[in-house]
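Engineer: File entry.txt follows (compact mmCIF, C-alpha atoms and all ligand atoms):
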```txt
# COMPACT_ATOMS: atom_id res chain seq x y z
CA MET A 1205 0.00 0.00 0.00
CA GLN A 1206 1.39 3.43 -0.97
CA LEU A 1207 0.84 6.00 1.76
CA SER A 1208 1.67 9.68 1.51
CA PHE A 1209 0.85 12.37 4.07
CA ILE A 1210 0.08 15.82 2.76
CA TYR A 1211 0.74 18.43 5.43
CA PHE A 1212 2.86 21.39 6.47
CA ASN A 1213 6.44 21.26 7.62
CA PHE A 1214 5.64 21.23 11.33
CA PRO A 1215 4.56 18.51 13.77
CA PHE A 1216 1.00 19.52 14.63
CA TRP A 1217 -1.15 16.81 16.20
CA ARG A 1218 -3.56 16.58 13.28
CA ALA A 1219 -0.95 14.89 11.09
CA GLU A 1220 1.31 13.60 13.85
CA VAL A 1221 -1.23 11.18 15.30
CA GLY A 1222 -1.55 9.33 11.99
CA LYS A 1223 2.14 9.54 11.13
CA ILE A 1224 3.26 8.31 14.54
CA ALA A 1225 0.73 5.48 14.42
CA LEU A 1226 2.30 4.30 11.15
CA PHE A 1227 5.80 4.76 12.58
CA LEU A 1228 4.91 2.68 15.65
CA GLY A 1229 3.59 -0.02 13.33
CA ASP A 1230 6.75 0.08 11.18
CA ILE A 1231 4.66 1.03 8.17
CA ASP A 1232 6.39 3.06 5.46
CA PHE A 1233 4.94 6.33 4.21
CA SER A 1234 6.17 9.43 2.47
CA ASN A 1235 5.53 13.10 3.20
CA LYS A 1236 4.44 15.80 0.83
CA ILE A 1237 5.22 19.14 2.47
CA ILE A 1238 2.92 22.02 1.61
CA SER A 1239 4.18 25.60 1.54
CA PRO A 1240 2.00 28.47 2.82
CA GLU A 1241 1.59 29.66 -0.79
CA GLU A 1242 0.38 26.30 -2.08
CA PHE A 1243 -1.96 26.03 0.93
CA GLN A 1244 -3.72 29.22 -0.18
CA ARG A 1245 -4.30 27.62 -3.60
CA ILE A 1246 -5.52 24.40 -1.94
CA LYS A 1247 -8.05 26.38 0.09
CA ALA A 1248 -9.30 28.08 -3.05
CA ASN A 1249 -9.20 25.16 -5.51
CA GLY A 1250 -9.25 21.95 -3.48
CA ARG A 1251 -6.24 20.64 -5.40
CA LEU A 1252 -2.48 20.49 -5.01
CA ASP A 1253 -0.45 22.14 -7.74
CA ASP A 1254 0.10 18.65 -9.20
CA GLY A 1255 -3.68 18.16 -9.49
CA THR A 1256 -4.16 15.87 -6.45
CA VAL A 1257 -7.66 16.34 -5.02
CA ILE A 1258 -7.93 17.69 -1.46
CA PRO A 1259 -11.56 16.83 -0.68
CA PHE A 1260 -12.53 19.53 1.79
CA HIS A 1261 -9.81 22.04 0.89
CA GLN A 1262 -8.20 21.35 4.27
CA LEU A 1263 -5.14 19.54 5.59
CA PRO A 1264 -4.06 16.99 6.62
CA CYS A 1265 -4.81 14.66 3.79
CA LEU A 1266 -3.57 11.11 3.26
CA LEU A 1267 -3.04 9.59 -0.15
CA VAL A 1268 -3.72 5.87 -0.12
CA ASN A 1269 -2.67 4.28 -3.40
CA GLY A 1270 -3.38 7.63 -5.00
CA GLN A 1271 -6.79 8.14 -3.39
CA SER A 1272 -7.20 11.19 -1.15
CA ILE A 1273 -8.54 10.72 2.38
CA ALA A 1274 -9.32 13.81 4.46
CA GLN A 1275 -10.18 14.58 8.09
CA THR A 1276 -7.78 14.20 10.99
CA ALA A 1277 -9.75 11.65 13.00
CA GLY A 1278 -10.62 9.51 9.97
CA ILE A 1279 -6.96 9.44 8.94
CA ALA A 1280 -5.91 8.58 12.51
CA ARG A 1281 -8.38 5.68 12.63
CA PHE A 1282 -7.19 4.39 9.27
CA CYS A 1283 -3.52 4.54 10.28
CA GLY A 1284 -4.37 3.14 13.71
CA LYS A 1285 -6.04 0.11 12.12
CA LEU A 1286 -2.99 -0.54 9.94
CA SER A 1287 -0.73 -0.44 13.00
CA ASP A 1288 -3.03 -2.25 15.45
CA LEU A 1289 -3.54 0.88 17.55
CA TYR A 1290 -7.23 1.08 16.67
CA PRO A 1291 -9.48 -1.96 17.06
CA ARG A 1292 -11.26 -3.49 14.08
CA HIS A 1293 -13.67 -5.61 16.15
CA ASP A 1294 -14.18 -3.80 19.45
CA ASP A 1295 -16.71 -1.02 18.93
CA LEU A 1296 -16.62 0.15 22.52
CA GLN A 1297 -12.84 0.51 22.60
CA ALA A 1298 -13.01 2.26 19.23
CA ALA A 1299 -15.56 4.74 20.58
CA LYS A 1300 -13.40 5.39 23.63
CA ILE A 1301 -10.51 6.32 21.34
CA ASP A 1302 -12.77 8.42 19.10
CA GLN A 1303 -13.82 10.57 22.05
CA PHE A 1304 -10.28 11.82 22.47
CA LEU A 1305 -9.68 12.46 18.78
CA ASP A 1306 -12.89 14.45 18.56
CA PHE A 1307 -12.29 16.29 21.82
CA ALA A 1308 -8.86 17.36 20.56
CA THR A 1309 -10.58 18.66 17.44
CA ASP A 1310 -13.03 20.64 19.59
CA ILE A 1311 -10.20 22.21 21.56
CA THR A 1312 -8.20 22.97 18.42
CA GLU A 1313 -11.14 24.68 16.77
CA THR A 1314 -12.04 26.64 19.90
CA VAL A 1315 -8.52 28.04 20.05
CA ALA A 1316 -8.02 28.50 16.31
CA TRP A 1317 -11.32 30.31 15.77
CA THR A 1318 -11.01 32.64 18.76
CA GLY A 1319 -10.06 36.07 17.48
CA LYS A 1320 -9.26 34.63 14.05
CA ASP A 1321 -10.33 37.69 12.06
CA ASP A 1322 -9.61 40.24 14.79
CA SER A 1323 -6.72 42.64 15.10
CA ASP A 1324 -3.60 41.20 16.77
CA GLU A 1325 -4.44 43.14 19.91
CA ASN A 1326 -8.03 41.90 20.13
CA ARG A 1327 -7.00 38.35 19.35
CA VAL A 1328 -4.62 38.31 22.30
CA ILE A 1329 -7.32 39.71 24.59
CA LYS A 1330 -9.85 37.10 23.45
CA ARG A 1331 -7.39 34.23 23.75
CA ARG A 1332 -6.41 35.34 27.24
CA GLU A 1333 -10.09 35.19 28.17
CA LEU A 1334 -10.32 31.79 26.50
CA ALA A 1335 -7.32 30.50 28.46
CA THR A 1336 -8.97 31.18 31.80
CA GLY A 1337 -12.50 30.43 30.59
CA GLU A 1338 -13.60 27.81 28.07
CA LEU A 1339 -10.16 26.33 27.44
CA ALA A 1340 -9.49 25.87 31.16
CA ARG A 1341 -12.95 24.28 31.48
CA LYS A 1342 -12.16 21.78 28.72
CA LEU A 1343 -8.69 20.96 30.09
CA ARG A 1344 -10.22 20.36 33.52
CA MET A 1345 -12.61 17.85 31.94
CA LEU A 1346 -9.67 16.01 30.40
CA GLU A 1347 -7.82 16.01 33.71
CA ILE A 1348 -10.85 14.54 35.46
CA ILE A 1349 -11.38 11.67 33.05
CA ILE A 1350 -7.76 10.51 33.02
CA LYS A 1351 -7.59 7.73 35.62
CA GLU A 1352 -5.56 8.23 38.77
CA ASP A 1353 -2.20 6.40 38.49
CA ALA A 1354 -2.79 5.58 34.82
CA ASP A 1355 0.35 5.20 32.75
CA TRP A 1356 -1.63 5.74 29.54
CA ILE A 1357 -5.07 7.20 28.86
CA LEU A 1358 -6.57 3.89 27.71
CA GLY A 1359 -5.14 0.45 28.24
CA GLU A 1360 -1.68 -0.80 28.99
CA SER A 1361 0.40 0.87 26.33
CA LEU A 1362 0.92 4.04 24.33
CA GLY A 1363 -2.15 4.68 22.18
CA LEU A 1364 -3.74 7.20 19.84
CA PRO A 1365 -5.27 9.28 22.72
CA ASP A 1366 -1.85 9.69 24.35
CA ILE A 1367 -0.16 10.75 21.11
CA THR A 1368 -3.01 13.16 20.41
CA LEU A 1369 -2.87 14.69 23.89
CA TRP A 1370 0.94 15.00 23.80
CA ARG A 1371 1.00 16.98 20.56
CA LEU A 1372 -2.15 18.97 21.33
CA ILE A 1373 -0.69 20.07 24.66
CA GLY A 1374 2.65 20.63 22.96
CA TRP A 1375 0.92 23.10 20.66
CA LEU A 1376 -0.99 24.82 23.46
CA THR A 1377 2.07 25.19 25.69
CA GLY A 1378 4.73 25.71 23.04
CA GLY A 1379 4.49 29.50 23.12
CA SER A 1380 3.30 29.89 19.54
CA ILE A 1381 -0.31 30.88 20.26
CA ASP A 1382 -0.72 34.54 21.17
CA GLY A 1383 -2.54 34.93 24.46
CA ILE A 1384 -2.33 31.29 25.59
CA PRO A 1385 0.12 31.05 28.52
CA THR A 1386 2.72 28.32 28.26
CA ASP A 1387 1.92 27.14 31.80
CA ILE A 1388 -1.73 26.49 31.00
CA ILE A 1389 -1.58 22.86 32.23
CA LYS A 1390 0.28 23.63 35.45
CA ASP A 1391 -2.74 22.61 37.55
CA TYR A 1392 -3.32 19.33 35.69
CA PRO A 1393 -0.82 16.73 36.94
CA LYS A 1394 -2.47 13.81 35.15
CA ILE A 1395 -2.27 15.57 31.77
CA GLN A 1396 1.37 16.44 32.52
CA LYS A 1397 2.15 12.86 33.45
CA ILE A 1398 0.75 11.47 30.19
CA CYS A 1399 2.61 14.07 28.13
CA ARG A 1400 5.89 13.26 29.89
CA ALA A 1401 5.32 9.55 29.45
CA VAL A 1402 4.78 9.97 25.71
CA ASP A 1403 7.79 12.26 25.48
CA GLY A 1404 9.94 9.66 27.22
CA HIS A 1405 8.70 6.67 25.21
CA LYS A 1406 11.57 5.01 23.34
CA LYS A 1407 9.92 5.04 19.90
CA ILE A 1408 8.67 8.60 20.36
CA LYS A 1409 12.18 9.74 21.23
CA GLN A 1410 13.38 8.08 18.03
CA TRP A 1411 10.59 9.75 16.04
CA VAL A 1412 11.43 13.17 17.47
CA GLU A 1413 15.13 12.65 16.84
CA GLU A 1414 14.53 11.59 13.24
CA THR A 1415 11.82 14.04 12.20
CA TYR A 1416 11.65 17.17 14.40
CA PRO A 1417 13.87 20.18 13.80
CA LYS A 1418 16.76 20.33 16.28
CA ASN A 1419 15.84 22.35 19.40
CA TYR A 1420 12.14 22.19 18.48
CA VAL A 1421 10.10 23.29 21.51
CA ARG A 1422 7.82 20.29 22.08
CA GLY A 1423 5.85 22.02 24.82
CA ASN A 1424 5.83 22.81 28.50
CA TYR A 1425 4.76 19.81 30.51
N1 LIG A 1501 -12.12 19.01 10.17
C1 LIG A 1501 -10.78 19.02 9.65
C2 LIG A 1501 -10.18 20.39 9.91
C3 LIG A 1501 -8.77 20.48 9.38
C4 LIG A 1501 -8.27 21.90 9.41
O1 LIG A 1501 -8.95 22.84 9.84
N2 LIG A 1501 -7.04 22.04 8.94
C5 LIG A 1501 -6.47 23.35 8.82
C6 LIG A 1501 -4.97 23.27 8.77
S1 LIG A 1501 -4.28 22.56 10.23
C7 LIG A 1501 -6.98 23.91 7.51
O2 LIG A 1501 -6.88 23.25 6.50
N3 LIG A 1501 -7.55 25.11 7.54
C8 LIG A 1501 -8.02 25.78 6.37
C9 LIG A 1501 -9.50 25.83 6.27
O3 LIG A 1501 -10.21 25.27 7.11
O4 LIG A 1501 -9.96 26.48 5.32
C10 LIG A 1501 -9.95 17.92 10.27
O5 LIG A 1501 -10.31 17.46 11.36
O6 LIG A 1501 -8.96 17.50 9.68
```
What does the file become when written as structure tokens?
Structural biologist:
Amino acid sequence: MQLSFIYFNFPFWRAEVGKIALFLGDIDFSNKIISPEEFQRIKANGRLDDGTVIPFHQLPCLLVNGQSIAQTAGIARFCGKLSDLYPRHDDLQAAKIDQFLDFATDITETVAWTGKDDSDENRVIKRRELATGELARKLRMLEIIIKEDADWILGESLGLPDITLWRLIGWLTGGSIDGIPTDIIKDYPKIQKICRAVDGHKKIKQWVEETYPKNYVRGNY
């Protein structure tokens, strides 16, 4: 099977969860890196410059034997099935995993849409309000549902929810979002513990070493 990820040149969770799933399963894939200029054309035309269809004019997208698959969570499930990180015959376990993928999408959209079309100044004000309001509320919910003394969010080993949380929190605490303080998870020890566990996982360390820019700020956890 030919697999090619279409995404930007940075490790945001939307693409990372699928890519890392494939990496953990020792499944080969290639990367097509999209420049900001080409992304503007994708948004307008729903195609790469080489003609590849991007179904909803959004990224990430995964090419599977030349066919385009869109949507972060759908791609993550597909890659998870290939690497045995997403069950094929356990609907309840699958739904438990889905909750986290979809919740990460909710958080991402809440942050990304807040102040999107405002001035820089207003955006910072709105995101500061978000950080102490709705975002804090959502992070508290996550903290509450992670089990006490759990090594991983679900089950006995590193899974899609852990990878998702690690990169989502990495984005939120990495200092790149105006108005979101980098210590936003300081009161959530269970979230911190999962992020540190992912960060310290042998295969994740290898992945970071092989694919992240040197000195890349992975987050504050
Ligand atoms: N629902 C989509 C949203 C993906 C998304 O918003 N991607 C961003 C880039 S990280 C994008 O393409 N934004 C442009 C747009 O929505 O027009 C998913 O879950 O993958």
Engineer: Neighbours of ligand LIG 1501 (chain A) within 6 Å, counting all atoms listed in the file, as number ranges by chain?
Structural biologist: A: 1247, 1262-1264, 1275-1276
Engineer: For the residues in the current selection, export C-alpha atoms as a compact mmCIF listing (two decimals), in the frame of the given file.
Structural biologist:
```
# COMPACT_ATOMS: atom_id res chain seq x y z
CA LYS A 1247 -8.05 26.38 0.09
CA GLN A 1262 -8.20 21.35 4.27
CA LEU A 1263 -5.14 19.54 5.59
CA PRO A 1264 -4.06 16.99 6.62
CA GLN A 1275 -10.18 14.58 8.09
CA THR A 1276 -7.78 14.20 10.99
```
Engineer: Could you tell me, as JSON, numbers by chain, which residues have any atom at most 6 Å from (10.1, 11.3, 22.0), counting only C-alpha atoms?
Structural biologist: {"A": [1403, 1404, 1405, 1408, 1409, 1412]}
Engineer: Applying 8 Å and all atoms listed in the file, which residues near region 1309-1311 of chain A remain after dropping the ones on its own chain fewer than 4 positions away? List them as a list in words.
Structural biologist: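 Surrounding residues, per the criterion: Leu1305, Val1315, Leu1339 and Lys1342 of chain A.
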Engineer: In terms of the shortest atom-to-atom distance over only C-alpha atoms, which of A:Val1421, A:Ile1384, A:Leu1267, A:Ile1210 is closest to Phe1282 (chain A)?
Structural biologist: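 So, comparing all the options, the nearest one is A:Leu1267.
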Engineer: For each of A:Leu1364, A:Leu1372, A:Ile1238, A:Leu1343, take the minimum atom-to-atom distance to Asp1254 (chain A), counting only C-alpha atoms, then give the residue where this is smallest.
Structural biologist: A:Ile1238
Engineer: Record the distance separating CA of Gly1337 (chain A) and CA of Leu1369 (chain A), expressed in Å with one decimal.
Structural biologist: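 If I compute the distance from CA of Gly1337 (chain A) to CA of Leu1369 (chain A), I get 19.6 Å.
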Engineer: Go through A:Asp1324, A:Phe1214, A:Lys1394, A:Asp1253 and flag the residue nearest Tyr1420 (chain A), using all atoms listed in the file for the distances.
Structural biologist: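 When distances to Tyr1420 (chain A) are compared using all atoms listed in the file, the smallest one comes from A:Phe1214.
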Engineer: Write out as a list in words which residues come within 7 Å of region 1350-1357 of chain A when counting all atoms listed in the file, dropping same-chain ones fewer than 3 positions away.
Structural biologist: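 Counting all atoms listed in the file, the residues come to Leu1346, Glu1347, Glu1360, Ser1361, Leu1362, Pro1365, Asp1366, Lys1394 and Ile1398 of chain A.
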Engineer: Hey, which of A:Leu1286, A:Val1328, A:Ala1335, A:Ala1219 ends up closest to Cys1265 (chain A)? Count all atoms listed in the file.
Structural biologist: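 That would be A:Ala1219, the residue with the smallest distance to Cys1265 (chain A).
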Engineer: For Pro1417 (chain A), which of A:Thr1368, A:Thr1336, A:Asn1213, A:Thr1386 is the closest residue, counting only C-alpha atoms?
Structural biologist: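 Comparing A:Thr1368, A:Thr1336, A:Asn1213, A:Thr1386 against Pro1417 (chain A), the winner is A:Asn1213.
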Engineer: Pick out the closest residue to Ile1231 (chain A) from this set: A:Ala1274, A:Val1402, A:Leu1207, A:Val1257. Count only C-alpha atoms.
Structural biologist: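 Smallest separation from Ile1231 (chain A) among the options: A:Leu1207.
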Engineer: Would you kindly return, as a count of residues only, each protein, DNA or RNA residue with an atom no farther than 9 Å from any atom of Asn1249 (chain A), considering only C-alpha atoms and excluding same-chain residues fewer than 4 positions away?
Structural biologist: 5
Engineer: N, CA and C atoms are what I want for region 1299-1329 of chain A; can you complete it accordingly and write them as a PDB file, keeping the file's coordinate frame?
Structural biologist:
```
ATOM      1  N   ALA A1299     -14.847   3.508  20.199  1.00  0.00           N
ATOM      2  CA  ALA A1299     -15.560   4.740  20.580  1.00  0.00           C
ATOM      3  C   ALA A1299     -14.814   5.494  21.673  1.00  0.00           C
ATOM      4  N   LYS A1300     -14.190   4.728  22.574  1.00  0.00           N
ATOM      5  CA  LYS A1300     -13.400   5.390  23.630  1.00  0.00           C
ATOM      6  C   LYS A1300     -12.246   6.181  23.022  1.00  0.00           C
ATOM      7  N   ILE A1301     -11.610   5.608  22.020  1.00  0.00           N
ATOM      8  CA  ILE A1301     -10.510   6.320  21.340  1.00  0.00           C
ATOM      9  C   ILE A1301     -11.063   7.532  20.589  1.00  0.00           C
ATOM     10  N   ASP A1302     -12.179   7.322  19.886  1.00  0.00           N
ATOM     11  CA  ASP A1302     -12.770   8.420  19.100  1.00  0.00           C
ATOM     12  C   ASP A1302     -13.042   9.653  19.948  1.00  0.00           C
ATOM     13  N   GLN A1303     -13.507   9.425  21.178  1.00  0.00           N
ATOM     14  CA  GLN A1303     -13.820  10.570  22.050  1.00  0.00           C
ATOM     15  C   GLN A1303     -12.656  11.535  22.147  1.00  0.00           C
ATOM     16  N   PHE A1304     -11.451  10.965  22.271  1.00  0.00           N
ATOM     17  CA  PHE A1304     -10.280  11.820  22.470  1.00  0.00           C
ATOM     18  C   PHE A1304      -9.876  12.531  21.184  1.00  0.00           C
ATOM     19  N   LEU A1305      -9.996  11.815  20.068  1.00  0.00           N
ATOM     20  CA  LEU A1305      -9.680  12.460  18.780  1.00  0.00           C
ATOM     21  C   LEU A1305     -10.628  13.634  18.549  1.00  0.00           C
ATOM     22  N   ASP A1306     -11.906  13.404  18.825  1.00  0.00           N
ATOM     23  CA  ASP A1306     -12.890  14.450  18.560  1.00  0.00           C
ATOM     24  C   ASP A1306     -12.794  15.587  19.581  1.00  0.00           C
ATOM     25  N   PHE A1307     -12.443  15.245  20.811  1.00  0.00           N
ATOM     26  CA  PHE A1307     -12.290  16.290  21.820  1.00  0.00           C
ATOM     27  C   PHE A1307     -11.092  17.189  21.483  1.00  0.00           C
ATOM     28  N   ALA A1308     -10.030  16.566  20.978  1.00  0.00           N
ATOM     29  CA  ALA A1308      -8.860  17.360  20.560  1.00  0.00           C
ATOM     30  C   ALA A1308      -9.244  18.288  19.411  1.00  0.00           C
ATOM     31  N   THR A1309     -10.094  17.797  18.522  1.00  0.00           N
ATOM     32  CA  THR A1309     -10.580  18.660  17.440  1.00  0.00           C
ATOM     33  C   THR A1309     -11.375  19.830  18.010  1.00  0.00           C
ATOM     34  N   ASP A1310     -12.243  19.558  18.972  1.00  0.00           N
ATOM     35  CA  ASP A1310     -13.030  20.640  19.590  1.00  0.00           C
ATOM     36  C   ASP A1310     -12.113  21.708  20.184  1.00  0.00           C
ATOM     37  N   ILE A1311     -11.107  21.249  20.924  1.00  0.00           N
ATOM     38  CA  ILE A1311     -10.200  22.210  21.560  1.00  0.00           C
ATOM     39  C   ILE A1311      -9.439  23.015  20.497  1.00  0.00           C
ATOM     40  N   THR A1312      -8.954  22.297  19.492  1.00  0.00           N
ATOM     41  CA  THR A1312      -8.200  22.970  18.420  1.00  0.00           C
ATOM     42  C   THR A1312      -9.053  24.055  17.766  1.00  0.00           C
ATOM     43  N   GLU A1313     -10.295  23.708  17.460  1.00  0.00           N
ATOM     44  CA  GLU A1313     -11.140  24.680  16.770  1.00  0.00           C
ATOM     45  C   GLU A1313     -11.487  25.856  17.682  1.00  0.00           C
ATOM     46  N   THR A1314     -11.733  25.560  18.957  1.00  0.00           N
ATOM     47  CA  THR A1314     -12.040  26.640  19.900  1.00  0.00           C
ATOM     48  C   THR A1314     -10.891  27.650  19.918  1.00  0.00           C
ATOM     49  N   VAL A1315      -9.675  27.141  19.992  1.00  0.00           N
ATOM     50  CA  VAL A1315      -8.520  28.040  20.050  1.00  0.00           C
ATOM     51  C   VAL A1315      -8.318  28.738  18.705  1.00  0.00           C
ATOM     52  N   ALA A1316      -8.349  27.939  17.627  1.00  0.00           N
ATOM     53  CA  ALA A1316      -8.020  28.500  16.310  1.00  0.00           C
ATOM     54  C   ALA A1316      -9.029  29.557  15.866  1.00  0.00           C
ATOM     55  N   TRP A1317     -10.291  29.371  16.230  1.00  0.00           N
ATOM     56  CA  TRP A1317     -11.320  30.310  15.770  1.00  0.00           C
ATOM     57  C   TRP A1317     -11.407  31.570  16.641  1.00  0.00           C
ATOM     58  N   THR A1318     -10.896  31.484  17.864  1.00  0.00           N
ATOM     59  CA  THR A1318     -11.010  32.640  18.760  1.00  0.00           C
ATOM     60  C   THR A1318     -10.133  33.786  18.267  1.00  0.00           C
ATOM     61  N   GLY A1319     -10.771  34.877  17.939  1.00  0.00           N
ATOM     62  CA  GLY A1319     -10.060  36.070  17.480  1.00  0.00           C
ATOM     63  C   GLY A1319      -9.449  35.938  16.101  1.00  0.00           C
ATOM     64  N   LYS A1320      -9.891  34.925  15.350  1.00  0.00           N
ATOM     65  CA  LYS A1320      -9.260  34.630  14.050  1.00  0.00           C
ATOM     66  C   LYS A1320      -9.197  35.862  13.124  1.00  0.00           C
ATOM     67  N   ASP A1321     -10.324  36.558  12.994  1.00  0.00           N
ATOM     68  CA  ASP A1321     -10.330  37.690  12.060  1.00  0.00           C
ATOM     69  C   ASP A1321     -10.189  39.031  12.764  1.00  0.00           C
ATOM     70  N   ASP A1322      -9.789  39.006  14.031  1.00  0.00           N
ATOM     71  CA  ASP A1322      -9.610  40.240  14.790  1.00  0.00           C
ATOM     72  C   ASP A1322      -8.232  40.844  14.567  1.00  0.00           C
ATOM     73  N   SER A1323      -8.064  42.038  15.084  1.00  0.00           N
ATOM     74  CA  SER A1323      -6.720  42.640  15.100  1.00  0.00           C
ATOM     75  C   SER A1323      -5.841  41.802  16.031  1.00  0.00           C
ATOM     76  N   ASP A1324      -4.518  41.950  15.898  1.00  0.00           N
ATOM     77  CA  ASP A1324      -3.600  41.200  16.770  1.00  0.00           C
ATOM     78  C   ASP A1324      -3.917  41.466  18.227  1.00  0.00           C
ATOM     79  N   GLU A1325      -4.170  42.731  18.521  1.00  0.00           N
ATOM     80  CA  GLU A1325      -4.440  43.140  19.910  1.00  0.00           C
ATOM     81  C   GLU A1325      -5.702  42.466  20.454  1.00  0.00           C
ATOM     82  N   ASN A1326      -6.774  42.520  19.674  1.00  0.00           N
ATOM     83  CA  ASN A1326      -8.030  41.900  20.130  1.00  0.00           C
ATOM     84  C   ASN A1326      -7.930  40.386  20.241  1.00  0.00           C
ATOM     85  N   ARG A1327      -7.156  39.806  19.316  1.00  0.00           N
ATOM     86  CA  ARG A1327      -7.000  38.350  19.350  1.00  0.00           C
ATOM     87  C   ARG A1327      -6.336  37.907  20.653  1.00  0.00           C
ATOM     88  N   VAL A1328      -5.307  38.660  21.043  1.00  0.00           N
ATOM     89  CA  VAL A1328      -4.620  38.310  22.300  1.00  0.00           C
ATOM     90  C   VAL A1328      -5.588  38.451  23.471  1.00  0.00           C
ATOM     91  N   ILE A1329      -6.362  39.504  23.486  1.00  0.00           N
ATOM     92  CA  ILE A1329      -7.320  39.710  24.590  1.00  0.00           C
ATOM     93  C   ILE A1329      -8.311  38.544  24.642  1.00  0.00           C
TER      94      ILE A1329
END
```
